[in-house]
Every structure is written in C-alpha cells, then in structure tokens.
2 protein chains.
Amino acid sequence: MTGPTDRETLVLKLGGSVITAKDEPETVDEAALKRAVAAVAETDASVVVVHGGGSFGHHHAEAHGVTTTAGTRDPAGALAIHQAMVELDQAVVDTLQDASVPALPVHPLSAASRGGDGTLSLSTEQVECLLAEGFVPVLHGDVIAHEGDGVTVLSGDELVVALAPAVDADRVGLCSTVPGVLDESGAVVDRITAFEDVAAAVGDSDVTDVTGGMAGKVQSLLTLDVPAQVFGPEALSEFIAGETPGTTIHGGDRT
Amino acid sequence: MTGPTDRETLVLKLGGSVITAKDEPETVDEAALKRAVAAVAETDASVVVVHGGGSFGHHHAEAHGVTTTAGTRDPAGALAIHQAMVELDQAVVDTLQDASVPALPVHPLSAASRGGDGTLSLSTEQVECLLAEGFVPVLHGDVIAHEGDGVTVLSGDELVVALAPAVDADRVGLCSTVPGVLDESGAVVDRITAFEDVAAAVGDSDVTDVTGGMAGKVQSLLTLDVPAQVFGPEALSEFIAGETPGTTIHGGDRT
C-alpha cells in the first residue's frame with residue numbers, strides 16, 4: 001500500500017504512568033502529556049503512537065480480575081475497562097491534534113483478538129493506510145476478544161511488538177518512568193542484545209508478564225529486527241531527534 | 001474459530017434515522033432506541049448490530065464535504081465525524097447493556113480501510129471472536145482511511161454487506177423509517193430477486209449511492225447469498241422472531 005519513501009517510521013510507546021497522575025484514579029497528567037506531545041510534534045517521521053493505561057485502565061482491569069491471560073465474559077466489566085482506556089485515548093488524540101499532529105484513534109478491541117493459545121491477531125492494514133495518508137494512528141492497551149476466555153487484556157507492549165514489523169518501523173521507542181533498563185546497581189544498561197545480559201537485574205523471564213514488568217518487555221523487544229530504546233520522559237526529544245537515549249535493546253545484534 | 005452451533009446468526013442494521021431525533025442535531029431518540037433494543041433483547045440468536053449516523057454523523061460529514069468517495073485529510077474534520085458517531089454508538093451500546101444484551105463497540109475507523117479503487121478491506125476476525133465468546137458486536141457508519149483520499153465515509157449499508165458473509169449470517173435485517181421498499185404507487189414490494197424488479201420505483205442504480213438511497217441498498221443486498229429484509233421499526237420484533245416483514249431482498253433466488 002505504501003510506496004517507497006524517505007520518511008522514517010517510528011513506533012513510540014508512551015507509558016501509561018508517564019501521562020497519567022499516579023495517585024489519582026483516571027486523571028491525565030496534562031503537563032506531562034503536553035510535554036510528550038510537544039516532542040512528538042517536532043518530527044517529520046511517520047509515527048504510530050501507543051499508550052498504556054496508567055491510572056485509567058489498570059484499576060478497572062484489577063477490579064474485574066482481567067489480565068493478559070485471565071479473561072471475563074461480563075459485558076459491563078469489559079466495557080468499563082475499555083471505556084476508561086478510550087477516555088484516556090481521547091485525551092491523547094485531542095492533545096496531539098491541538099499540537100498540529102494529525103492523530104486519529106485506533107482502538108484494539110475493534111481491531112484485534114486472541115486465539116485459544118493466546119496468540120494475538122491484530123489487523124494492521126488500516127494502520128498502514130492511515131500512516132500512508134499522513135495520519136498518526138494512536139493505539140492503546142485495551143481488552144480484546146480471546147477465544148475461550150471472553151476478553152483479556154492486550155498490553156501496550158504487545159501492541160508495540162506487533163506493530164513495529166507491520167508498519168516496517170525503523171526505530172521503536174518506549175518512553176517510561178525510568179531512564180532505561182537498570183542493572184543491579186541501579187545504573188542504566190547501555191545495550192542489551194540477549195536476555196542473559198540482564199536476567200539477574202530484571203528478574204524472572206516470565207513471558208506472561210507483559211503489562212509492565214521489565215523482564216517481559218526486554219524479552220519481547222529482543223524479538224524485533226530493529227532497535228528499541230527504553231528511556232525516561234526527559235529523553236523523549238532525543239529519541240525523536242534520532243539519538244539513542246536510555247537502553248538500546250536489539251536482538252538483531254546477536255550474530 | 002467458531003465451532004458448529006445451532007444458534008442462528010443475524011446481522012441487524014438500525015437505520016440512523018430510526019434511533020436519532022430527526023430535527024435536532026446529535027440527539028438520540030431514546031424511546032425509539034429503547035423499543036428497538038427491547039426487540040433485540042428477545043432473541044437467543046448471535047447478533048451483530050450495525051447502526052447508521054442519523055442526526056449525528058451526517059451533518060459533520062456534509063460540513064467537511066466527506067462522502068463514500070470524496071475524502072478529507074483534515075484531521076480535525078475526520079475526528080469530528082468519527083467522534084459524533086462514537087457518541088451515538090456509546091448510547092446504543094449502553095442501552096443494549098442496560099437491557100442485558102452483552103454489547104461491545106467495534107469502531108470501523110479502527111478496523112477498516114479502502115484501497116485506491118474504493119474497495120473495502122474490513123477486518124472481521126475480531127467480530128467473529130466476539131460473537132463466539134457470546135458478545136454482541138456493535139458497528140456503525142464511520143470514516144475510514146482511503147488510499148489516496150485521506151478518509152472517506154463507510155456507510156452502515158456497506159458494513160452489513162461486508163459482515164453478513166464474514167459471520168456466516170443466516171438472515172439480514174435493515175430496520176428503516178419506511179416499512180419496506182416501495183413501488184411506484186407507494187405500496188411495499190413483497191420480494192425483490194433482481195434489480196429490474198424495482199428499478200423504475202427506486203430510481204437510478206447509482207452504485208456510489210450507499211449512504212441512504214434505496215437503489216444502492218437494494219443492489220448491494222442482492223449480492224448476498226442470504227435473504228435480507230427491509231422493514232419499519234414496528235416490524236423489528238417480527239424480524240427478530242423469524243418472520244419476514246416488509247420487503248424480502250434475495251438475489252440468490254434468481255436461479
């Protein structure tokens with residue numbers, strides 16, 4: 001669908017806790033969101049934005065006992081989790097548009113499902129078409145239909161890993177509340193090319209831990225062909241500008 | 001994904017003008033919506049609900065000059081049309097859930113796009129998975145990415161025609177403000193098996209006329225393998241109960 005282009009393509013995740021107020025349920029941290037959006041507005045690249053749930057999605061998911069593997073068939077519970085995420089997404093999209101970023105929402109409940117073994121099936125043709133038409137698709141953690149389990153959580157990190165190859169991303173950035181992946185002494189690890197590099201520091205490699213845990217994040221990002229950066233909010237402009245702040249995770253380096 | 005089942009599968013479109021107040025912009029006709037929802041709540045069938053824009057989507061689309069073939073790249077315009085439809089969709093989903101129908105929203109902007117020749121590409125795996133898990137997916141007219149044209153309108157009628165084969169629908173119903181397709185004397189036509197049956201009555205067969213015109217509706221419904229009924233709000237319960245009110249459109253009869 002997309003022709004050859006010189007524009008770089010970025011997949012950028014804004015961590016939920018970066019853009020929401022930690023201590024108040026369902027409250028956007030407007031100053032932090034505006035700072036992040038101002039950085040995104042600086043680039044000429046094609047950008048797909050993904051954001052997490054922060055104080056919006058997580059407590060609803062917890063209240064209904066829904067995780068990436070434990071589902072619910074309660075329609076009211078599924079809708080409550082989804083609507084909380086949609087509300088946050090509308091704030092992100094509106095703030096991007098206010099900064100002249102041509103953002104449009106793409107809600108995963110409308111676009112994705114899981115098979116019985118948990119395998120994600122995400123439609124990406126509409127994301128590619130939006131990008132090709134000059135828009136900035138904005139996706140988010142959500143609930144999605146899960147064969148045999150009702151609905152389960154789809155995390156922002158899973159979305160990043162599914163979207164990056166689909167849109168042929170050149171670089172992937174995860175803007176987090178920490179300045180990178182930290183080693184056992186608390187220092188930022190510069191580069192990770194294999195999970196063994198940081199297994200001791202980030203803990204168990206529980207592959208189901210995809211909604212926030214660093215171990216699952218590192219493992220899934222290592223599967224990408226392109227480099228991913230994990231960095232803090234203060235380094236978002238550097239990432240947008242093409243620098244490599246925080247921790248570079250690149251499994252493709254292993255050869 | 002779905003196993004063999006005895007449950008009937010219905011695709012039901014609620015016309016936008018059936019569930020919104022005609023003379024007031026962006027106002028739900030709550031009494032009419034509740035009556036329609038009460039009829040839907042009577043069935044044990046698997047149901048996919050599609051609704052049109054009525055007084056929500058149409059004036060935004062007109063204001064921005066957007067149709068099924070004329071697009072816009074204005075992000076604010078695209079978002080205004082989409083958000084108006086999402087607002088109506090939330091009222092439909094909430095009213096269904098209030099009547100114990102396990103409805104969840106599926107927004108076409110998140111799930112569909114058009115190629116350069118206007119061909120619709122709609123992801124339906126998530127709709128099938130929601131149905132199989134016991135939910136009632138609710139879709140609606142929307143804007144979607146259109147290769148070379150920014151975004152264009154996707155009509156509820158186009159959705160019905162795309163969804164019916166995808167979910168292996170047994171029957172298709174279009175609840176409209178008229179009691180069926182009318183002949184030149186204003187009487188309801190009982191059965192249409194070819195466009196020539198009604199060409200004189202419904203006017204030009206302009207295939208781009210898919211956002212409300214009866215000619216385009218009849219033509220597209222004739223392409224389905226299963227029968228479609230066009231009927232008025234007072235006949236919705238009959239349709240749900242398995243009767244064939246209004247006009248039956250069934251191109252598959254032609255042999």
# chains A, B, ... in the order shown; residues from 1 in each chain; ligands from 1
$ closest_atom_pairs --of "chain B" --to "chain A" --cutoff "10 Å" --atoms "only C-alpha atoms" --output "tab-separated table"
residue	atom	partner	partner_atom	distance
B:Met1	CA	A:Glu147	CA	7.7
B:Thr2	CA	A:Glu147	CA	8.9
B:Thr72	CA	A:Glu133	CA	9.9
B:Arg73	CA	A:Glu133	CA	7.5
B:Asp74	CA	A:Pro102	CA	7.9
B:Pro75	CA	A:Pro102	CA	5.1
B:Ala76	CA	A:Gln97	CA	7.2
B:Ala78	CA	A:Leu104	CA	8.1
B:Leu79	CA	A:Leu104	CA	6.7
B:His82	CA	A:Leu104	CA	9.2
B:Gln83	CA	A:Gln90	CA	9.4
B:Gln90	CA	A:Gln83	CA	9.3
B:Val93	CA	A:Leu79	CA	9.2
B:Asp94	CA	A:Leu79	CA	9.1
B:Gln97	CA	A:Ala76	CA	7.2
B:Asp98	CA	A:Ala76	CA	9.3
B:Ser100	CA	A:Pro75	CA	8.8
B:Val101	CA	A:Pro75	CA	8.4
B:Pro102	CA	A:Pro75	CA	5.1
B:Ala103	CA	A:Pro75	CA	6.8
B:Leu104	CA	A:Leu79	CA	6.7
B:Pro105	CA	A:Ser110	CA	7.0
B:Val106	CA	A:Ser110	CA	4.3
B:His107	CA	A:Ser110	CA	5.6
B:Pro108	CA	A:Ser110	CA	7.3
B:Leu109	CA	A:Val106	CA	6.8
B:Ser110	CA	A:Val106	CA	4.3
B:Ala111	CA	A:Ala111	CA	4.9
B:Ala112	CA	A:Gln126	CA	5.4
B:Ser113	CA	A:Gln126	CA	5.0
B:Arg114	CA	A:Cys129	CA	8.1
B:Gly115	CA	A:Met1	CA	8.0
B:Gly116	CA	A:Met1	CA	9.0
B:Ser121	CA	A:Glu125	CA	8.1
B:Leu122	CA	A:Gln126	CA	8.6
B:Ser123	CA	A:Ser123	CA	6.2
B:Thr124	CA	A:Ala111	CA	8.3
B:Glu125	CA	A:Ser113	CA	7.1
B:Gln126	CA	A:Ser113	CA	5.1
B:Val127	CA	A:Ser110	CA	8.0
B:Glu128	CA	A:Ala145	CA	9.2
B:Cys129	CA	A:Ala145	CA	5.9
B:Leu130	CA	A:Ala145	CA	5.4
B:Leu131	CA	A:Ala145	CA	9.0
B:Ala132	CA	A:Glu147	CA	7.5
B:Glu133	CA	A:Gly150	CA	5.3
B:Gly134	CA	A:Gly150	CA	7.7
B:Phe135	CA	A:Pro75	CA	7.4
B:Val136	CA	A:Pro75	CA	9.4
B:Pro137	CA	A:Ser110	CA	9.1
B:Val138	CA	A:Ser110	CA	9.8
B:Leu139	CA	A:Ser110	CA	9.1
B:Ile144	CA	A:Gln126	CA	8.0
B:Ala145	CA	A:Leu130	CA	5.3
B:His146	CA	A:Cys129	CA	6.9
B:Glu147	CA	A:Cys129	CA	6.3
B:Gly148	CA	A:Glu133	CA	6.7
B:Asp149	CA	A:Glu133	CA	7.4
B:Gly150	CA	A:Glu133	CA	5.3
B:Val151	CA	A:Glu133	CA	8.1
$ write_last_selection --atoms "C-alpha atoms" --output "mmCIF file, in the first residue's frame"
data_model
loop_
_atom_site.group_PDB
_atom_site.id
_atom_site.type_symbol
_atom_site.label_atom_id
_atom_site.label_comp_id
_atom_site.auth_asym_id
_atom_site.auth_seq_id
_atom_site.Cartn_x
_atom_site.Cartn_y
_atom_site.Cartn_z
ATOM 1 C CA MET B 1 -12.753 -20.141 15.129
ATOM 2 C CA THR B 2 -16.435 -20.822 15.737
ATOM 3 C CA THR B 72 -10.573 14.646 3.587
ATOM 4 C CA ARG B 73 -7.071 14.850 5.029
ATOM 5 C CA ASP B 74 -8.149 17.369 7.660
ATOM 6 C CA PRO B 75 -7.508 15.595 10.974
ATOM 7 C CA ALA B 76 -9.958 17.774 12.912
ATOM 8 C CA ALA B 78 -12.094 13.393 10.329
ATOM 9 C CA LEU B 79 -12.085 13.312 14.130
ATOM 10 C CA HIS B 82 -15.770 9.946 13.969
ATOM 11 C CA GLN B 83 -16.428 11.286 17.468
ATOM 12 C CA GLN B 90 -21.901 4.602 23.071
ATOM 13 C CA VAL B 93 -24.083 0.017 23.404
ATOM 14 C CA ASP B 94 -25.130 1.375 26.813
ATOM 15 C CA GLN B 97 -26.218 -3.448 28.009
ATOM 16 C CA ASP B 98 -28.970 -1.903 30.159
ATOM 17 C CA SER B 100 -28.897 -7.295 29.337
ATOM 18 C CA VAL B 101 -27.637 -7.581 25.766
ATOM 19 C CA PRO B 102 -23.844 -8.188 26.015
ATOM 20 C CA ALA B 103 -22.948 -5.434 23.539
ATOM 21 C CA LEU B 104 -19.404 -4.201 22.878
ATOM 22 C CA PRO B 105 -18.360 -1.495 20.395
ATOM 23 C CA VAL B 106 -16.378 -2.138 17.209
ATOM 24 C CA HIS B 107 -15.419 1.132 15.517
ATOM 25 C CA PRO B 108 -14.776 0.846 11.772
ATOM 26 C CA LEU B 109 -12.057 3.563 11.747
ATOM 27 C CA SER B 110 -10.084 1.122 13.908
ATOM 28 C CA ALA B 111 -10.826 -1.906 11.748
ATOM 29 C CA ALA B 112 -11.206 -0.997 8.085
ATOM 30 C CA SER B 113 -9.669 0.871 5.159
ATOM 31 C CA ARG B 114 -10.233 1.323 1.446
ATOM 32 C CA GLY B 115 -7.847 0.687 -1.426
ATOM 33 C CA GLY B 116 -7.291 3.266 -4.152
ATOM 34 C CA SER B 121 -10.977 -4.038 3.482
ATOM 35 C CA LEU B 122 -12.680 -4.846 6.796
ATOM 36 C CA SER B 123 -11.080 -6.985 9.476
ATOM 37 C CA THR B 124 -13.746 -9.411 10.738
ATOM 38 C CA GLU B 125 -11.748 -11.917 12.806
ATOM 39 C CA GLN B 126 -12.342 -9.815 15.951
ATOM 40 C CA VAL B 127 -16.084 -9.653 15.181
ATOM 41 C CA GLU B 128 -16.233 -13.441 14.791
ATOM 42 C CA CYS B 129 -14.292 -13.915 18.039
ATOM 43 C CA LEU B 130 -16.564 -11.510 19.961
ATOM 44 C CA LEU B 131 -19.624 -13.403 18.639
ATOM 45 C CA ALA B 132 -18.145 -16.775 19.534
ATOM 46 C CA GLU B 133 -17.459 -15.504 23.065
ATOM 47 C CA GLY B 134 -21.107 -14.542 23.457
ATOM 48 C CA PHE B 135 -20.851 -10.799 22.882
ATOM 49 C CA VAL B 136 -22.927 -8.644 20.525
ATOM 50 C CA PRO B 137 -20.554 -6.528 18.412
ATOM 51 C CA VAL B 138 -21.982 -3.102 17.576
ATOM 52 C CA LEU B 139 -20.596 -1.394 14.461
ATOM 53 C CA ILE B 144 -12.055 5.112 7.383
ATOM 54 C CA ALA B 145 -8.630 5.560 5.785
ATOM 55 C CA HIS B 146 -8.849 5.562 1.987
ATOM 56 C CA GLU B 147 -5.700 5.118 -0.106
ATOM 57 C CA GLY B 148 -5.054 8.370 -1.958
ATOM 58 C CA ASP B 149 -8.046 10.206 -0.449
ATOM 59 C CA GLY B 150 -7.370 10.641 3.271
ATOM 60 C CA VAL B 151 -10.504 9.317 4.932
#
$ residues_around --residues "Val218 of chain B" --least-positions-apart "5" --cutoff "12 Å" --atoms "only C-alpha atoms" --output "ChimeraX atom specification"
/B:157-158,161,174,180-182,189,191-199,201-207,209-210,212-213,223-224,227-230,247-251
$ write_last_selection --atoms "N, CA, C and O atoms" --output "compact mmCIF listing (two decimals), in the first residue's frame"
# COMPACT_ATOMS: atom_id res chain seq x y z
N ASP B 157 -24.74 0.49 5.49
CA ASP B 157 -25.16 -0.50 4.50
C ASP B 157 -23.97 -1.28 3.94
O ASP B 157 -24.06 -2.48 3.73
N GLU B 158 -22.86 -0.57 3.70
CA GLU B 158 -21.66 -1.29 3.24
C GLU B 158 -21.19 -2.29 4.30
O GLU B 158 -20.74 -3.38 3.97
N VAL B 161 -23.28 -5.51 4.25
CA VAL B 161 -22.97 -6.38 3.12
C VAL B 161 -21.61 -7.07 3.32
O VAL B 161 -21.42 -8.21 2.91
N LEU B 174 -32.75 -4.92 7.88
CA LEU B 174 -32.49 -3.48 7.86
C LEU B 174 -33.73 -2.77 8.35
O LEU B 174 -34.74 -2.69 7.64
N GLY B 180 -40.65 -0.79 4.08
CA GLY B 180 -40.07 -1.70 3.09
C GLY B 180 -39.68 -0.90 1.87
O GLY B 180 -39.68 0.34 1.90
N VAL B 181 -39.30 -1.62 0.80
CA VAL B 181 -39.04 -0.94 -0.47
C VAL B 181 -40.41 -0.67 -1.11
O VAL B 181 -41.24 -1.59 -1.20
N LEU B 182 -40.62 0.56 -1.50
CA LEU B 182 -41.93 0.96 -2.02
C LEU B 182 -41.95 0.94 -3.55
O LEU B 182 -40.98 1.32 -4.20
N VAL B 189 -43.17 -3.49 -1.67
CA VAL B 189 -42.86 -4.62 -2.55
C VAL B 189 -42.58 -5.84 -1.67
O VAL B 189 -41.83 -5.74 -0.70
N ARG B 191 -41.21 -8.89 -2.52
CA ARG B 191 -39.98 -9.66 -2.75
C ARG B 191 -39.24 -9.11 -3.97
O ARG B 191 -39.85 -8.81 -4.99
N ILE B 192 -37.94 -8.97 -3.83
CA ILE B 192 -37.10 -8.49 -4.94
C ILE B 192 -36.00 -9.53 -5.16
O ILE B 192 -35.25 -9.85 -4.24
N THR B 193 -35.93 -10.04 -6.38
CA THR B 193 -34.88 -11.02 -6.68
C THR B 193 -33.92 -10.50 -7.75
O THR B 193 -32.90 -11.13 -8.01
N ALA B 194 -34.25 -9.36 -8.34
CA ALA B 194 -33.36 -8.73 -9.32
C ALA B 194 -33.66 -7.24 -9.34
O ALA B 194 -34.79 -6.82 -9.08
N PHE B 195 -32.63 -6.45 -9.65
CA PHE B 195 -32.81 -5.00 -9.58
C PHE B 195 -33.89 -4.51 -10.54
O PHE B 195 -34.60 -3.54 -10.24
N GLU B 196 -34.02 -5.21 -11.67
CA GLU B 196 -35.03 -4.80 -12.65
C GLU B 196 -36.43 -4.79 -12.04
O GLU B 196 -37.31 -4.04 -12.48
N ASP B 197 -36.66 -5.63 -11.01
CA ASP B 197 -37.97 -5.69 -10.36
C ASP B 197 -38.43 -4.32 -9.85
O ASP B 197 -39.63 -4.05 -9.79
N VAL B 198 -37.46 -3.50 -9.43
CA VAL B 198 -37.83 -2.24 -8.78
C VAL B 198 -37.12 -1.03 -9.35
O VAL B 198 -37.22 0.07 -8.81
N ALA B 199 -36.38 -1.21 -10.43
CA ALA B 199 -35.58 -0.10 -10.97
C ALA B 199 -36.43 1.14 -11.21
O ALA B 199 -36.03 2.27 -10.88
N ALA B 201 -39.13 2.05 -9.74
CA ALA B 201 -39.61 2.65 -8.49
C ALA B 201 -38.51 3.30 -7.66
O ALA B 201 -38.72 4.36 -7.08
N VAL B 202 -37.33 2.68 -7.60
CA VAL B 202 -36.30 3.20 -6.70
C VAL B 202 -35.31 4.12 -7.38
O VAL B 202 -34.44 4.70 -6.73
N GLY B 203 -35.45 4.28 -8.71
CA GLY B 203 -34.62 5.26 -9.40
C GLY B 203 -33.29 4.72 -9.86
O GLY B 203 -33.07 3.51 -9.88
N ASP B 204 -32.42 5.65 -10.21
CA ASP B 204 -31.13 5.29 -10.81
C ASP B 204 -30.33 4.33 -9.94
O ASP B 204 -30.29 4.46 -8.72
N SER B 205 -29.67 3.41 -10.60
CA SER B 205 -28.88 2.44 -9.87
C SER B 205 -27.46 2.95 -9.72
O SER B 205 -26.50 2.32 -10.14
N ASP B 206 -27.34 4.13 -9.12
CA ASP B 206 -26.02 4.73 -8.91
C ASP B 206 -25.32 3.94 -7.79
O ASP B 206 -25.69 4.03 -6.63
N VAL B 207 -24.31 3.19 -8.16
CA VAL B 207 -23.69 2.29 -7.18
C VAL B 207 -22.93 3.04 -6.09
O VAL B 207 -22.58 2.46 -5.08
N ASP B 209 -24.26 5.35 -4.45
CA ASP B 209 -25.30 5.84 -3.56
C ASP B 209 -25.55 4.82 -2.44
O ASP B 209 -26.50 4.07 -2.46
N VAL B 210 -24.62 4.81 -1.48
CA VAL B 210 -24.70 3.76 -0.45
C VAL B 210 -24.95 4.32 0.94
O VAL B 210 -24.92 3.59 1.91
N GLY B 212 -27.78 5.79 2.06
CA GLY B 212 -29.16 6.07 2.37
C GLY B 212 -30.11 5.79 1.22
O GLY B 212 -31.26 5.45 1.44
N GLY B 213 -29.62 5.94 0.00
CA GLY B 213 -30.51 5.75 -1.14
C GLY B 213 -30.95 4.30 -1.26
O GLY B 213 -30.18 3.37 -1.00
N THR B 223 -26.50 -8.84 -3.70
CA THR B 223 -25.26 -9.61 -3.86
C THR B 223 -25.09 -10.67 -2.77
O THR B 223 -24.21 -11.52 -2.88
N LEU B 224 -25.89 -10.58 -1.70
CA LEU B 224 -25.74 -11.53 -0.59
C LEU B 224 -26.34 -12.89 -0.94
O LEU B 224 -27.30 -12.99 -1.69
N PRO B 227 -31.17 -14.10 2.51
CA PRO B 227 -32.20 -13.08 2.34
C PRO B 227 -32.01 -11.90 3.29
O PRO B 227 -31.57 -12.08 4.43
N ALA B 228 -32.32 -10.73 2.79
CA ALA B 228 -32.33 -9.52 3.62
C ALA B 228 -33.75 -8.97 3.65
O ALA B 228 -34.44 -8.99 2.63
N GLN B 229 -34.18 -8.52 4.82
CA GLN B 229 -35.49 -7.88 4.96
C GLN B 229 -35.29 -6.39 5.17
O GLN B 229 -34.43 -6.00 5.97
N VAL B 230 -36.09 -5.58 4.49
CA VAL B 230 -36.15 -4.14 4.78
C VAL B 230 -37.53 -3.87 5.35
O VAL B 230 -38.54 -4.22 4.73
N THR B 247 -40.03 -5.93 2.94
CA THR B 247 -39.57 -6.43 1.65
C THR B 247 -38.44 -7.44 1.83
O THR B 247 -37.48 -7.17 2.56
N THR B 248 -38.59 -8.60 1.18
CA THR B 248 -37.50 -9.58 1.17
C THR B 248 -36.65 -9.35 -0.07
O THR B 248 -37.19 -9.33 -1.18
N ILE B 249 -35.35 -9.16 0.14
CA ILE B 249 -34.43 -8.98 -0.99
C ILE B 249 -33.50 -10.19 -1.02
O ILE B 249 -32.78 -10.45 -0.05
N HIS B 250 -33.55 -10.94 -2.11
CA HIS B 250 -32.78 -12.17 -2.14
C HIS B 250 -32.34 -12.49 -3.57
O HIS B 250 -33.07 -13.14 -4.32
N GLY B 251 -31.14 -12.01 -3.89
CA GLY B 251 -30.61 -12.25 -5.22
C GLY B 251 -30.35 -13.73 -5.47
O GLY B 251 -30.42 -14.20 -6.60
$ closest_residue --among "B:His58, B:Lys217, B:His64, B:Arg171" --to "Glu243 of chain B" --atoms "only C-alpha atoms"
B:Arg171
$ atom_distance --atom1 "atom CA of Gly65 of chain A" --atom2 "atom CA of Ala45 of chain B"
28.3 Å
$ select_by_dssp --residues "segment 8-123 of chain B" --states "strand (DSSP E)" --output "PyMOL selection string"
chain B and resi 9-14+46-51+103-105+112-114+120-122
$ atom_distance --atom1 "atom CA of Gly16 of chain A" --atom2 "atom CA of Thr43 of chain A"
21.7 Å
$ residues_around --residues "Ser176 of chain A" --least-positions-apart "3" --cutoff "10 Å" --atoms "only C-alpha atoms" --output "count of residues only"
19
$ atom_distance --atom1 "atom CA of Arg7 of chain A" --atom2 "atom CA of Ser46 of chain A"
6.5 Å
$ residues_around --residues "Val160 of chain A" --least-positions-apart "2" --cutoff "8 Å" --atoms "only C-alpha atoms" --output "number ranges by chain"
A: 11-13, 50, 156-158, 162-164, 172
